[in-house]
Amino acid sequence: MPLPFLTADRAFDEAAEDVALPFDDRDRWRRPYRPGPWRVGAAALVLLLASYVLVAAVIIAVAGTLSGAAVCMAAATVVILCALRLLRMGVWVSARGVRQVGFFVTRTTPWKRVVAVRTAQQPVRWLGLPRTVQGQALTLVTADRAPGDVPPLLTTHNADFLARTEAFTRATASLNLGTDEYPRT
């Protein structure tokens with residue numbers, strides 16, 4: 001079963017440098033980069049935990065307590081959904097705008113509100129933890145918000161780009177080309 005949210009389309013890697021969204025269907029939301037090994041590894045560990053919970057549910061069901069098995073199955077379903085949401089997190093682009101998908105919150109900014117996309121050297125959170133390190137952050141400058149009010153879209157030290165500076169550079173270039181390609185009217 002293909003999981004389209006797990007990997008970005010290969011067309012981003014093979015696209016010409018002057019096209020932000022190299023697809024026929026530009027209205028479809030796509031990630032301009034592949035998920036990083038930290039994000040995929042964390043999701044794999046969460047899915048491993050879900051497999052143990054599912055095995056426990058089968059053992060409990062065979063032992064005869066179906067209500068306990070149902071609780072374990074429900075817990076495993078929640079854990080699997082959390083792993084899928086973890087894989088879906090990141091920045092997505094389409095002809096409609098830029099979408100930043102978090103674990104609990106999704107924020108969409110239409111291209112007409114985007115004034116610029118800027119990369120700045122600043123303290124960034126390391127793997128989303130409270131610890132900050134010096135790194136690069138890609139931020140959206142919108143007409144209605146000050147640059148400091150918007151959290152960064154991408155950083156060099158998040159789960160997708162830690163130790164992958166080339167991927168960060170490609171993703172920022174794709175987003176910069178997207179602001180140039182789409183009209184702001």
# chains A, B, ... in the order shown; residues from 1 in each chain; ligands from 1
>>> select_by_dssp(residues="segment 56-155 of chain A", states="strand (DSSP E or B)", output="ChimeraX atom specification")
/A:90-94,97-101,106-110,114-125,132-142,154-155
>>> select_by_dssp(residues="segment 68-149 of chain A", states="alpha helix (DSSP H)", output="PyMOL selection string")
chain A and resi 68-88
>>> residues_around(residues="segment 109-125 of chain A", least_positions_apart="2", cutoff="9 Å", atoms="only C-alpha atoms", output="PyMOL selection string")
chain A and resi 95-100+107+127-144+152+155-158+172+175-176+178-180+182-185
>>> atom_distance(atom1="atom CA of Phe161 of chain A", atom2="atom CA of Gly102 of chain A")
15.7 Å
>>> atom_distance(atom1="atom CA of Thr65 of chain A", atom2="atom CA of Leu84 of chain A")
29.0 Å
>>> residues_around(residues="Ser51 of chain A", least_positions_apart="6", cutoff="10 Å", atoms="only C-alpha atoms", output="JSON, numbers by chain")
{"A": [45, 57, 76, 79, 80]}
>>> atom_distance(atom1="atom CA of Ala42 of chain A", atom2="atom CA of Thr165 of chain A")
20.1 Å
>>> closest_residue(among="A:Cys72, A:Ala159, A:Ala173, A:Ala167", to="Gly36 of chain A", atoms="only C-alpha atoms")
A:Ala159
>>> closest_residue(among="A:Ala56, A:Arg170, A:Val150, A:Val46", to="Leu86 of chain A", atoms="only C-alpha atoms")
A:Val46
